[in-house]
Amino acid sequence: MDHKALALEMRGLREQVTGITDTAVAAADGLLIAADTADSIDPEGLAALAAAGLGLARRTADATSRGTLRRTVAYGSHGCAAFYSVGDTALVVVLGDEGLDVDRLHMATQPALDRIGAILTDKATEGV
């Protein structure tokens, strides 16, 4: 797995979308793969919590016949946390402050998720 390519994707998201404060990539079981987070955030704990939350959202989408879960967003008084599914085996966490444009985030994240998925399966395309 190309950890440098993952770091570039996470940094690229920050550069594209104003308001992103932290990012992480984790396995679906909650093990941290890569993180670009502030010192005040425990990236391993974030990965575990994100996986648990995404797992519940996946089950809910399935139980209610809503199809394959793509993302979930938790809004707090100081910003939000967006959790994106990367296939069945991984997830991306994006934390943002109050100024984060979530619609812009969703648009910018999809191409990055495709590239991250390719990196995680070692099928990275040229230019990644």
# chains A, B, ... in the order shown; residues from 1 in each chain; ligands from 1
call {"tool": "residues_around", "arguments": {"residues": "A:Thr37", "least_positions_apart": "5", "cutoff": "9 Å", "atoms": "only C-alpha atoms", "output": "ChimeraX atom specification"}}
result
/A:21-24,42-43,95
call {"tool": "closest_atom_pairs", "arguments": {"of": "stretch 43-104 of chain A", "to": "stretch 111-122 of chain A", "cutoff": "9 Å", "atoms": "only C-alpha atoms", "output": "JSON lines"}}
result
{"residue": "A:Tyr84", "atom": "CA", "partner": "A:Leu113", "partner_atom": "CA", "distance": 8.0}
{"residue": "A:Ser85", "atom": "CA", "partner": "A:Leu113", "partner_atom": "CA", "distance": 8.2}
{"residue": "A:Val86", "atom": "CA", "partner": "A:Gly117", "partner_atom": "CA", "distance": 5.9}
{"residue": "A:Gly87", "atom": "CA", "partner": "A:Gly117", "partner_atom": "CA", "distance": 7.2}
{"residue": "A:Ala90", "atom": "CA", "partner": "A:Gly117", "partner_atom": "CA", "distance": 8.0}
{"residue": "A:Leu91", "atom": "CA", "partner": "A:Leu113", "partner_atom": "CA", "distance": 8.8}
{"residue": "A:Val92", "atom": "CA", "partner": "A:Leu113", "partner_atom": "CA", "distance": 7.7}
call {"tool": "residues_around", "arguments": {"residues": "A:Tyr75", "least_positions_apart": "6", "cutoff": "12 Å", "atoms": "only C-alpha atoms", "output": "list of chain:residue names"}}
result
A:Ala81, A:Ala82, A:Phe83, A:Val94, A:Leu95, A:Gly96, A:Asp97, A:Glu98, A:Leu100, A:Val102
call {"tool": "select_by_dssp", "arguments": {"residues": "chain A", "states": "alpha helix (DSSP H)", "output": "PyMOL selection string"}}
result
chain A and resi 3-16+43-63+102-120
call {"tool": "residues_around", "arguments": {"residues": "stretch 45-51 of chain A", "least_positions_apart": "6", "cutoff": "6 Å", "atoms": "only C-alpha atoms", "output": "list in words"}}
result
Ala26, Ala28, Gly30 and Leu32 of chain A
call {"tool": "closest_residue", "arguments": {"among": "A:Gly19, A:Gly53, A:Gly76, A:Gly67", "to": "A:Asp101", "atoms": "only C-alpha atoms"}}
result
A:Gly19
call {"tool": "atom_distance", "arguments": {"atom1": "atom CA of A:Ile20", "atom2": "atom CA of A:Gln110"}}
result
15.2 Å
call {"tool": "atom_distance", "arguments": {"atom1": "atom CA of A:Met10", "atom2": "atom CA of A:Asp39"}}
result
16.4 Å
call {"tool": "closest_residue", "arguments": {"among": "A:Val73, A:Ala61, A:Val93, A:Leu8", "to": "A:Glu44", "atoms": "only C-alpha atoms"}}
result
A:Val93
call {"tool": "closest_residue", "arguments": {"among": "A:Thr89, A:Thr60, A:Thr68, A:Thr109", "to": "A:Glu15", "atoms": "only C-alpha atoms"}}
result
A:Thr109
